[in-house]
Every structure is written in structure tokens, then in C-alpha cells.
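Shown below: data.cif, with mmCIF, C-alpha atoms.
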data_work
loop_
_atom_site.label_atom_id
_atom_site.label_comp_id
_atom_site.auth_asym_id
_atom_site.auth_seq_id
_atom_site.Cartn_x
_atom_site.Cartn_y
_atom_site.Cartn_z
CA MET A 5 60.99 127.65 73.01
CA LEU A 6 57.49 126.22 72.86
CA MET A 7 54.68 127.60 74.99
CA LEU A 8 51.53 125.49 75.26
CA LEU A 9 47.98 126.83 75.10
CA ALA A 10 47.06 126.30 78.74
CA GLY A 11 44.51 123.61 79.39
CA CYS A 12 44.00 122.64 75.74
CA ALA A 13 46.58 120.01 74.89
CA ALA A 14 44.99 116.98 76.48
CA SER A 15 41.47 118.05 77.30
CA PRO A 16 38.40 116.82 75.43
CA VAL A 17 36.76 119.06 72.89
CA VAL A 18 33.06 119.64 73.41
CA GLY A 19 30.82 120.14 70.40
CA PRO A 20 27.50 121.97 70.28
CA SER A 21 25.86 118.73 71.37
CA GLY A 22 27.79 118.61 74.60
CA VAL A 23 29.52 115.45 73.36
CA ALA A 24 33.17 115.14 74.28
CA THR A 25 35.55 114.38 71.45
CA ALA A 26 39.20 113.56 71.76
CA ALA A 27 41.50 116.50 71.16
CA ALA A 28 44.74 116.16 69.33
CA GLU A 29 47.76 117.87 70.85
CA ALA A 30 47.45 121.62 70.35
CA THR A 31 48.99 122.75 67.06
CA TYR A 32 47.97 126.40 67.01
CA SER A 33 51.07 128.44 66.40
CA ALA A 34 52.18 132.02 66.26
CA GLY A 35 55.56 133.57 65.75
CA VAL A 36 57.63 136.19 67.52
CA GLY A 37 60.32 137.12 65.04
CA ASP A 38 61.56 133.81 63.63
CA GLU A 39 60.53 131.84 66.71
CA VAL A 40 57.43 129.65 66.59
CA VAL A 41 55.45 129.48 69.81
CA LEU A 42 52.19 127.98 71.01
CA ILE A 43 50.11 130.56 72.81
CA ASN A 44 50.01 130.39 76.58
CA CYS A 45 46.72 131.79 77.91
CA GLY A 46 48.29 132.55 81.26
CA MET A 47 50.86 134.77 79.56
CA TYR A 48 48.83 136.52 76.86
CA VAL A 49 45.38 136.51 78.49
CA PRO A 50 46.34 136.40 82.17
CA LEU A 51 43.98 135.21 84.86
CA ASP A 52 44.57 138.19 87.15
CA ALA A 53 43.44 140.64 84.47
CA ALA A 54 40.35 138.50 83.82
CA ALA A 55 39.57 138.51 87.53
CA GLY A 56 39.99 142.27 87.58
CA VAL A 57 37.47 142.93 84.82
CA LEU A 58 35.02 140.47 86.42
CA GLY A 59 35.43 142.25 89.75
CA LEU A 60 36.37 139.00 91.52
CA PRO A 61 39.35 138.01 93.67
CA VAL A 62 41.94 136.02 91.73
CA ALA A 63 41.31 133.05 94.03
CA GLU A 64 37.69 132.94 92.87
CA VAL A 65 38.48 132.67 89.15
CA VAL A 66 39.20 129.37 87.41
CA ASP A 67 40.93 128.62 84.11
CA GLN A 68 38.39 126.41 82.32
CA GLN A 69 38.94 126.19 78.58
CA ASP A 70 35.64 124.46 77.80
CA PRO A 71 32.37 123.96 79.69
CA PRO A 72 31.93 120.65 81.54
CA VAL A 73 30.83 117.78 79.35
CA THR A 74 27.16 116.90 79.49
CA VAL A 75 25.96 113.80 77.67
CA THR A 76 22.45 113.99 76.27
CA ALA A 77 21.43 111.67 73.47
CA TYR A 78 19.70 113.31 70.51
CA PRO A 79 19.42 112.56 66.76
CA GLY A 80 22.10 115.06 65.70
CA ALA A 81 24.74 113.98 68.22
CA VAL A 82 27.09 112.56 65.58
CA ALA A 83 26.95 115.72 63.49
CA GLY A 84 27.46 117.76 66.65
CA ALA A 85 30.60 115.82 67.51
CA MET A 86 31.96 116.62 64.04
CA ALA A 87 31.64 120.39 64.49
CA ALA A 88 34.17 121.17 67.23
CA PRO A 89 37.20 119.75 65.37
CA ALA A 90 36.51 122.12 62.47
CA LEU A 91 37.52 124.95 64.81
CA ARG A 92 40.95 123.38 65.24
CA LEU A 93 41.26 122.83 61.51
CA ALA A 94 40.73 126.57 61.09
CA GLY A 95 43.44 127.35 63.65
CA GLU A 96 40.94 128.77 66.15
CA GLN A 97 42.08 128.86 69.73
CA HIS A 98 40.65 130.36 72.86
CA CYS A 99 41.18 131.19 76.51
CA ARG A 100 38.34 131.05 79.03
CA TYR A 101 38.00 131.93 82.69
CA ILE A 102 34.96 131.57 84.95
CA GLY A 103 34.01 132.41 88.51
CA SER A 104 34.79 129.35 90.64
CA ALA A 105 31.42 129.50 92.39
CA ALA A 106 29.50 130.26 89.24
CA GLU A 107 26.69 128.16 87.90
CA GLU A 108 25.97 127.98 84.18
CA GLY A 109 25.64 131.49 82.81
CA GLY A 110 27.77 133.02 85.58
CA PRO A 111 30.79 135.35 85.30
CA GLU A 112 32.98 134.43 82.33
CA VAL A 113 35.79 135.83 80.22
CA ARG A 114 36.37 134.29 76.80
CA VAL A 115 38.96 135.37 74.25
CA SER A 116 39.19 133.55 70.91
CA VAL A 117 41.39 134.05 67.87
CA LEU A 118 40.67 133.10 64.26
CA PRO A 119 43.85 133.56 62.19
CA ASN A 120 43.42 134.58 58.55
CA GLY A 121 39.84 135.57 59.33
CA ALA A 122 39.76 139.04 57.76
CA SER A 123 37.40 138.16 54.93
CA GLU A 124 34.98 136.44 57.32
CA PHE A 125 35.20 139.41 59.70
CA GLY A 126 34.14 141.70 56.87
CA LEU A 127 31.09 139.55 56.14
CA VAL A 128 29.92 139.21 59.73
CA GLU A 129 30.79 142.35 61.68
CA PRO A 130 29.13 144.24 63.14
CA ASP A 131 26.92 141.31 64.16
CA VAL A 132 23.23 142.24 64.44
CA ASN A 133 21.74 139.00 65.70
CA ASP A 134 22.86 138.46 69.29
CA GLY A 135 21.15 141.31 71.08
CA LEU A 136 24.11 143.65 70.60
CA ARG A 137 22.36 145.62 67.89
CA ASN A 138 24.05 148.82 68.99
CA MET A 139 27.61 147.66 68.25
CA GLN A 140 29.72 150.70 67.52
CA PRO A 141 33.23 151.18 66.11
CA ALA A 142 35.87 150.89 68.84
CA ALA A 143 39.47 152.10 68.99
CA LEU A 144 40.96 148.61 69.11
CA GLY A 145 43.31 146.95 66.63
CA ASP A 146 42.92 147.82 62.95
CA GLU A 147 39.12 147.63 63.00
CA ALA A 148 36.76 146.82 65.84
CA TYR A 149 33.19 146.92 67.07
CA SER A 150 32.01 146.75 70.65
CA ALA A 151 28.86 146.93 72.76
CA CYS A 152 27.42 146.01 76.14
CA ARG A 153 23.96 144.72 76.99
CA ASP A 154 21.82 143.46 79.83
CA GLY A 155 18.88 141.11 80.03
CA GLU A 156 19.19 137.35 79.62
CA TRP A 157 22.92 137.78 78.89
CA GLU A 158 24.68 140.59 80.71
CA GLY A 159 28.10 141.68 79.58
CA CYS A 160 30.23 143.28 76.89
CA ARG A 161 31.79 142.00 73.69
CA ALA A 162 34.35 143.30 71.21
CA GLU A 163 35.16 141.94 67.77
CA VAL A 164 38.62 143.08 66.68
CA LEU A 165 40.71 142.71 63.53
CA ILE A 166 44.50 142.82 63.85
CA GLY A 167 46.10 142.39 60.46
CA SER A 168 44.27 139.33 59.17
CA SER A 169 43.51 137.83 62.60
CA TRP A 170 40.02 138.11 64.10
CA ILE A 171 39.95 138.39 67.89
CA SER A 172 36.70 138.04 69.82
CA ILE A 173 36.64 139.25 73.44
CA SER A 174 33.60 138.56 75.61
CA VAL A 175 33.07 139.35 79.29
CA ALA A 176 29.84 138.18 80.92
CA SER A 177 28.92 139.36 84.41
CA PRO A 178 25.86 140.96 85.99
CA ASP A 179 28.23 143.26 87.89
CA LEU A 180 30.42 144.26 84.94
CA ASP A 181 31.40 147.92 84.75
CA PRO A 182 31.09 148.84 81.04
CA ASP A 183 33.75 151.51 81.52
CA ALA A 184 36.22 148.79 82.51
CA PHE A 185 35.60 146.59 79.48
CA LEU A 186 37.34 148.54 76.70
CA PRO A 187 40.55 149.06 78.72
CA TYR A 188 40.58 145.31 79.42
CA ALA A 189 39.96 144.49 75.75
CA GLY A 190 42.69 146.93 74.78
CA GLY A 191 45.15 145.13 77.03
CA VAL A 192 44.29 141.79 75.44
CA VAL A 193 44.67 143.24 71.95
CA ASP A 194 48.03 144.82 72.79
CA SER A 195 49.23 141.51 74.20
CA LEU A 196 48.18 139.49 71.15
CA ARG A 197 49.35 142.11 68.68
CA SER A 198 52.97 141.03 69.21
CA LEU A 199 52.22 137.58 67.80
CA LYS A 200 52.27 136.59 64.17
CA PHE A 201 49.67 133.85 63.85
CA GLU A 202 49.94 130.95 61.45
CA GLN A 203 47.68 131.82 58.54
CA LYS A 204 45.75 128.68 57.68
CA ALA A 205 44.08 128.90 54.29
CA PRO A 206 40.33 128.23 54.21
CA THR A 207 39.37 124.66 53.35
CA SER A 208 37.28 124.15 50.21
CA ARG A 209 33.53 123.84 50.85
CA PRO A 210 31.35 122.75 47.89
CA GLU A 211 27.88 124.27 47.80
CA CYS A 212 25.12 122.17 49.31
CA GLY A 213 23.17 122.17 46.05
CA ALA A 214 26.13 120.56 44.32
CA LEU A 215 26.17 117.69 46.82
CA LEU A 216 22.50 116.67 46.87
CA SER A 217 20.13 117.53 44.02
CA PRO A 218 16.39 118.29 44.23
CA HIS A 219 15.76 114.79 42.87
CA ASP A 220 17.94 113.28 45.59
CA LEU A 221 16.09 115.19 48.28
CA ASN A 222 12.53 114.89 46.99
CA GLU A 223 12.58 111.33 45.69
CA THR A 224 15.37 109.45 47.47
CA GLY A 225 15.02 111.52 50.65
CA ALA A 226 11.19 111.51 50.57
CA LEU A 227 10.90 115.27 51.19
CA GLY A 228 8.50 115.85 48.30
CA ASP A 229 9.21 119.57 47.93
CA ALA A 230 12.57 120.30 49.57
CA THR A 231 13.60 123.75 50.77
CA GLY A 232 16.81 124.71 52.54
CA GLY A 233 20.53 124.57 51.87
CA ASP A 234 23.72 125.79 53.54
CA LEU A 235 23.29 126.34 57.29
CA LEU A 236 26.62 128.19 57.55
CA VAL A 237 26.17 131.09 55.14
CA LEU A 238 28.22 133.97 56.52
CA ASP A 239 26.38 137.26 56.97
CA ASP A 240 25.88 139.84 59.69
CA ARG A 241 23.66 137.42 61.63
CA LYS A 242 26.51 134.96 62.27
CA SER A 243 29.53 134.90 64.60
CA GLN A 244 33.24 134.14 64.75
CA HIS A 245 32.33 130.59 65.79
CA VAL A 246 30.43 129.97 62.56
CA ALA A 247 33.18 131.69 60.57
CA ALA A 248 35.71 129.27 62.05
CA TRP A 249 33.55 126.29 61.09
CA VAL A 250 33.44 127.59 57.52
CA HIS A 251 37.17 128.33 57.53
CA GLY A 252 37.86 124.80 58.76
CA GLY A 253 35.87 123.27 55.91
CA LEU A 254 32.84 122.02 57.84
CA VAL A 255 29.86 121.43 55.54
CA SER A 256 26.46 121.65 57.22
CA CYS A 257 23.37 121.49 55.03
CA GLY A 258 19.73 121.08 55.95
CA TRP A 259 16.50 120.67 53.98
CA SER A 260 12.89 120.22 55.01
CA GLY A 261 9.72 119.12 53.22
CA GLU A 262 6.01 119.54 53.86
CA SER A 263 5.23 115.84 53.55
CA VAL A 264 7.46 114.58 56.40
CA ALA A 265 8.11 115.56 60.01
CA SER A 266 11.91 115.45 59.80
CA GLY A 267 14.22 116.68 57.07
CA VAL A 268 17.53 115.77 55.47
CA ALA A 269 20.77 116.88 57.13
CA LEU A 270 24.22 116.53 55.60
CA THR A 271 27.42 117.14 57.57
CA ILE A 272 30.94 116.71 56.18
CA LEU A 273 34.29 117.19 57.95
CA PRO A 274 37.53 116.79 55.97
CA GLY A 275 40.80 115.62 57.49
CA ALA A 276 39.00 113.68 60.21
CA GLY A 277 40.51 110.19 59.99
CA GLY A 278 42.15 110.48 63.40
CA LEU A 279 38.99 111.83 64.96
CA TRP A 280 36.93 108.90 63.64
CA ALA A 281 39.39 106.48 65.24
CA ALA A 282 39.50 108.38 68.55
CA THR A 283 35.75 108.98 68.74
CA PRO A 284 33.94 106.03 67.12
CA PRO A 285 30.47 107.14 66.01
CA ASP A 286 28.81 104.19 67.74
CA ALA A 287 30.20 105.51 71.05
CA ILE A 288 28.51 108.90 70.59
CA PRO A 289 25.15 109.05 72.43
CA SER A 290 22.59 109.31 69.65
CA THR A 291 18.91 108.42 69.63
CA VAL A 292 19.47 106.80 66.23
CA PRO A 293 21.02 103.36 66.91
CA MET A 294 23.64 102.35 64.33
CA GLN A 295 25.67 99.30 63.44
CA SER A 296 28.46 98.62 60.96
CA VAL A 297 27.39 98.25 57.33
CA ASP A 298 29.21 97.45 54.11
CA LEU A 299 28.90 100.22 51.51
CA SER A 300 31.57 98.90 49.17
CA GLY A 301 28.94 97.73 46.70
CA GLU A 302 26.91 100.95 46.71
CA PRO A 303 26.54 101.83 43.00
CA ASP A 304 26.43 105.64 43.31
CA ALA A 305 29.91 106.13 44.76
CA GLU A 306 33.45 105.32 43.67
CA TRP A 307 35.21 104.69 46.95
CA PRO A 308 38.94 105.34 47.42
CA ALA A 309 41.42 102.47 47.32
CA SER A 310 41.67 102.66 51.11
CA GLY A 311 38.01 101.68 51.31
CA VAL A 312 35.09 103.00 53.34
CA GLU A 313 33.94 102.43 56.91
CA ALA A 314 30.29 103.08 57.72
CA LEU A 315 27.61 102.72 60.34
CA ALA A 316 23.88 103.04 59.74
CA GLY A 317 20.52 102.61 61.39
CA CYS A 318 17.04 104.04 61.95
CA GLY A 319 15.28 105.50 64.97
CA ASP A 320 11.65 106.38 65.49
CA ASP A 321 11.47 109.06 62.79
CA GLN A 322 14.97 109.30 61.27
CA CYS A 323 17.55 107.11 59.59
CA GLN A 324 21.25 107.91 59.64
CA VAL A 325 24.38 106.87 57.78
CA THR A 326 27.83 108.02 58.88
CA LEU A 327 30.95 107.06 56.96
CA MET A 328 34.69 107.59 56.77
CA ALA A 329 36.51 107.45 53.43
CA ASP A 330 39.95 108.88 52.63
CA GLY A 331 39.91 111.05 55.76
CA THR A 332 36.49 112.54 55.03
CA TRP A 333 33.79 112.03 57.66
CA LEU A 334 30.29 112.33 56.20
CA THR A 335 26.95 111.94 57.97
CA VAL A 336 23.46 111.98 56.47
CA THR A 337 20.22 111.97 58.45
CA SER A 338 16.94 111.55 56.56
CA PRO A 339 13.24 110.85 57.28
CA VAL A 340 12.36 107.31 58.24
CA GLU A 341 9.93 107.38 55.30
CA ALA A 342 12.96 107.22 52.99
CA GLY A 343 14.19 104.09 54.73
CA LEU A 344 17.76 103.09 55.36
CA SER A 345 18.24 102.51 51.64
CA GLY A 346 17.35 106.15 50.99
CA ALA A 347 19.78 107.46 53.60
CA THR A 348 22.50 105.20 52.21
CA ALA A 349 21.93 106.40 48.65
CA LEU A 350 22.06 110.04 49.78
CA ALA A 351 25.33 109.45 51.65
CA ALA A 352 26.93 107.70 48.69
CA ALA A 353 25.85 110.40 46.24
CA ALA A 354 27.02 113.23 48.50
CA TYR A 355 30.41 111.60 49.09
CA GLN A 356 31.00 111.03 45.39
CA ARG A 357 30.23 114.65 44.51
CA TYR A 358 32.23 115.99 47.44
CA ALA A 359 35.26 113.92 46.43
CA GLU A 360 35.00 115.15 42.85
CA ALA A 361 34.67 118.79 43.95
CA THR A 362 37.60 118.76 46.33
#

Target format C-alpha cells, applied to this file:
Amino acid sequence: MLMLLAGCAASPVVGPSGVATAAAEATYSAGVGDEVVLINCGMYVPLDAAAGVLGLPVAEVVDQQDPPVTVTAYPGAVAGAMAAPALRLAGEQHCRYIGSAAEEGGPEVRVSVLPNGASEFGLVEPDVNDGLRNMQPAALGDEAYSACRDGEWEGCRAEVLIGSSWISISVASPDLDPDAFLPYAGGVVDSLRSLKFEQKAPTSRPECGALLSPHDLNETGALGDATGGDLLVLDDRKSQHVAAWVHGGLVSCGWSGESVASGVALTILPGAGGLWAATPPDAIPSTVPMQSVDLSGEPDAEWPASGVEALAGCGDDQCQVTLMADGTWLTVTSPVEAGLSGATALAAAAYQRYAEAT
């Protein structure tokens, strides 16, 4: 018997940019005994319980897995569209309910699971960087931390480890009764505890410094005196969301320099051939216009036998190259001072080193 994660199989995935990307059919699996199932939010994180903790009638709560898509062009739109699929690669899945009359920031329940996330949980929790600086141990699962807060964001959150699965439970509401949160979270944990989640191994992520050297950044990228590196280092100032990006193999690097207004950004997503076909980069609303280019003769990269597809272009202050080769989607954004040739050389060098490292 297969049970589908409600609302997720055919809906678009929305990245941090608000750009919709096509979602493959849900593949997140868990087992009960020898039976493989796909989690049904309505069964394991039921709407009526979510309505209860929000203090709303069931009729006023809506199952909405992701926020509505908003399309706003900005320079990092392509990199933003690459981020959401990394969650699926990590096996992350979530359930989300909102008040039907709510505007942005209104009542919301969100439960997400990151299988095989124990090591990341140990690096991140208790999180100290989201206003919940008073997170305390909670009697949930094998290890847990929980806290409530008010202010710009009002609600409660619990981060729970069950075996090797990391469960994040968040309830946002100005009328939330803190005394009702832990019993609700406990019910969710007890429900999910019966499932044995597929344990997806972390995808290899080369270090940023191994992909672009100081010479690449300072000379080819025109930064002059580059500083920066990995934007996804896991520590107690990060979250389950970032941990899932790391687990899914997303590479996100950024460097800046004193001599230019914009920096160099490098984003890499493995296993993304289908995504590239479903969401062509030139259809993503970016302020950096791009057109198809031929990189087959670029001297700094040995492309796979299947070849390389690429788009490139420059905007007012940035140039960008995005390419697909052997299932790896790589995007480089660099200062316009480096020119399109500089961005192209950075992309070729980063791809070659990434391919060698993985």
C-alpha cells in the first residue's frame, strides 16, 4: 500500500527566491515493518490537531504545503531555484497548515522531517540565532529542544531527534497557548515514531576553497582581495533547512572584494538533469539576461562525453554563467568588471574541480 504525501506530488516547489520549480513525483519513503509507504500528512500530521493547537475551527484551516508563488526578478534567481530541489535530494519532507483567512505571517503549523539527520542535529541544536535563545531540553523523542517567543514572530518551536531522523515542529500564532504546544508536538512525535524513514546518505560537498582559488577570485573574478567561502557551514546559528541543503549536496559559496560592488557566487546542485529540463534557466526571472553559449572549447574544463549546455550574460553590475554537464547544475555570478569571459572561466574551473572531487 502506498500513501502519498498530501499536496506534494504534483505541486511546484518554491525556492528561497519565490521562483516555482517543477517537482518530481514524491519519492520520500518510510517503512512500517517490511512495508514501504509514502507519508500522508493527513494521517500522520492531521489537520484537526493542527487546528486545535492554533485555536481555530477545522473549517478555517487549510492544507497548503508551500507558500503561494511570487515572481520577483533578482540577480540570484537562478541560484535560488536550485536550492529547493536539494531538500528533496536529502529526503526532506514537510506538512504545513495555515489559517484560511490568514495573510502572510498568520497562523501556521509546519512539521518537517530530515531522515539521517542526527549528525547535523548535533551541530545545530539548540539553535541560538532565531530569537529562541532560551531553547531548553524537552521530553520529546530521543533528544529535543523547545521554546516559545513573541515579538515579530510569535509561536513555539521544537527540534526533535528520533533515532537518526530530525523532526522540526513549528506553530506560529499570536494566540498560541504555550502550554498546548508540547502536548501537540508530543502527539506528532508519537505519530511519526512508528515510521522507519529511508536513510539517504549525505551527498559529497567539496570545500569552496577547493573549487575556486584565491587567484581565480582575485584575478579572473576581479575581486582584488577576496574574502568569504562556504555559506552553508553548519553550526548553532543554522537550521534544519540549511542542514537539509547540505545533506542534499547543495554547494553555495560566496566571496566579496573591496574593489568591486558585487562579489562572486558559486552554486552547484548534483543530480539535477531533470530539473534543468523542467525549469530552463532562461525561463527563471533574473535581472541578468542570458542566452545560450557554447563552452565546449573552454580550455579549463574537460567536459563529459554527453557534452555541456550553458547560458550566459551580463546585467548592470553582474555577469552570470549557468551550465548543465553530466547531471550537475552549476551557476557562477561575478562582477561585471570581470566580464563574461571571467565568469565563464570561473564556471569552467569550478566544474572541472567539482567533477574531479566527486

> Skipping near chain neighbours, those fewer than 4 positions away, what residues fall within 7 Å of segment 144-154 of chain A using all atoms listed in the file, listed as a ChimeraX atom specification?
Replying inline: /A:130,136,138-140,158-167,182,190,193

>> If we draw a sphere of 12 Å around (36.2, 135.3, 71.7), which residues have at least one atom in it when counting all atoms listed in the file? Please report them as a ChimeraX atom specification.
In response: /A:49,69,96-101,112-118,160-165,169-176,189,192-193,243-245,248

> Which protein, DNA or RNA residues are at most 10 Å from (28.5, 99.1, 51.3) in the file's coordinates when you count all atoms listed in the file, listed as number ranges by chain?
Replying inline: A: 296-303, 305, 307, 311-315, 348, 352

Write out the residues from the selection above, keeping C-alpha atoms, as a PDB file, in the frame of the given file.
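See result.pdb below for the written result:
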ATOM      1  CA  SER A 296      28.460  98.620  60.960  1.00  0.00           C
ATOM      2  CA  VAL A 297      27.390  98.250  57.330  1.00  0.00           C
ATOM      3  CA  ASP A 298      29.210  97.450  54.110  1.00  0.00           C
ATOM      4  CA  LEU A 299      28.900 100.220  51.510  1.00  0.00           C
ATOM      5  CA  SER A 300      31.570  98.900  49.170  1.00  0.00           C
ATOM      6  CA  GLY A 301      28.940  97.730  46.700  1.00  0.00           C
ATOM      7  CA  GLU A 302      26.910 100.950  46.710  1.00  0.00           C
ATOM      8  CA  PRO A 303      26.540 101.830  43.000  1.00  0.00           C
ATOM      9  CA  ALA A 305      29.910 106.130  44.760  1.00  0.00           C
ATOM     10  CA  TRP A 307      35.210 104.690  46.950  1.00  0.00           C
ATOM     11  CA  GLY A 311      38.010 101.680  51.310  1.00  0.00           C
ATOM     12  CA  VAL A 312      35.090 103.000  53.340  1.00  0.00           C
ATOM     13  CA  GLU A 313      33.940 102.430  56.910  1.00  0.00           C
ATOM     14  CA  ALA A 314      30.290 103.080  57.720  1.00  0.00           C
ATOM     15  CA  LEU A 315      27.610 102.720  60.340  1.00  0.00           C
ATOM     16  CA  THR A 348      22.500 105.200  52.210  1.00  0.00           C
ATOM     17  CA  ALA A 352      26.930 107.700  48.690  1.00  0.00           C
TER      18      ALA A 352
END

>> List as an NGL selection string the protein and nucleic acid residues near Val246 of chain A, meaning an atom at most 10 Å away when only C-alpha atoms are counted, but skip any in the same chain fewer than 2 places from it.
In response: :A and (87 or 90-91 or 124 or 128 or 235-238 or 242-244 or 248-252 or 254)

> Just so the selection is clear, what residues does the PyMOL selection byres ((chain A and resi 295) around 12) cover here, as JSON, numbers by chain?
Replying inline: {"A": [284, 285, 286, 287, 292, 293, 294, 296, 297, 298, 313, 314, 315, 316, 317, 318, 323, 324, 325, 326, 327, 344]}
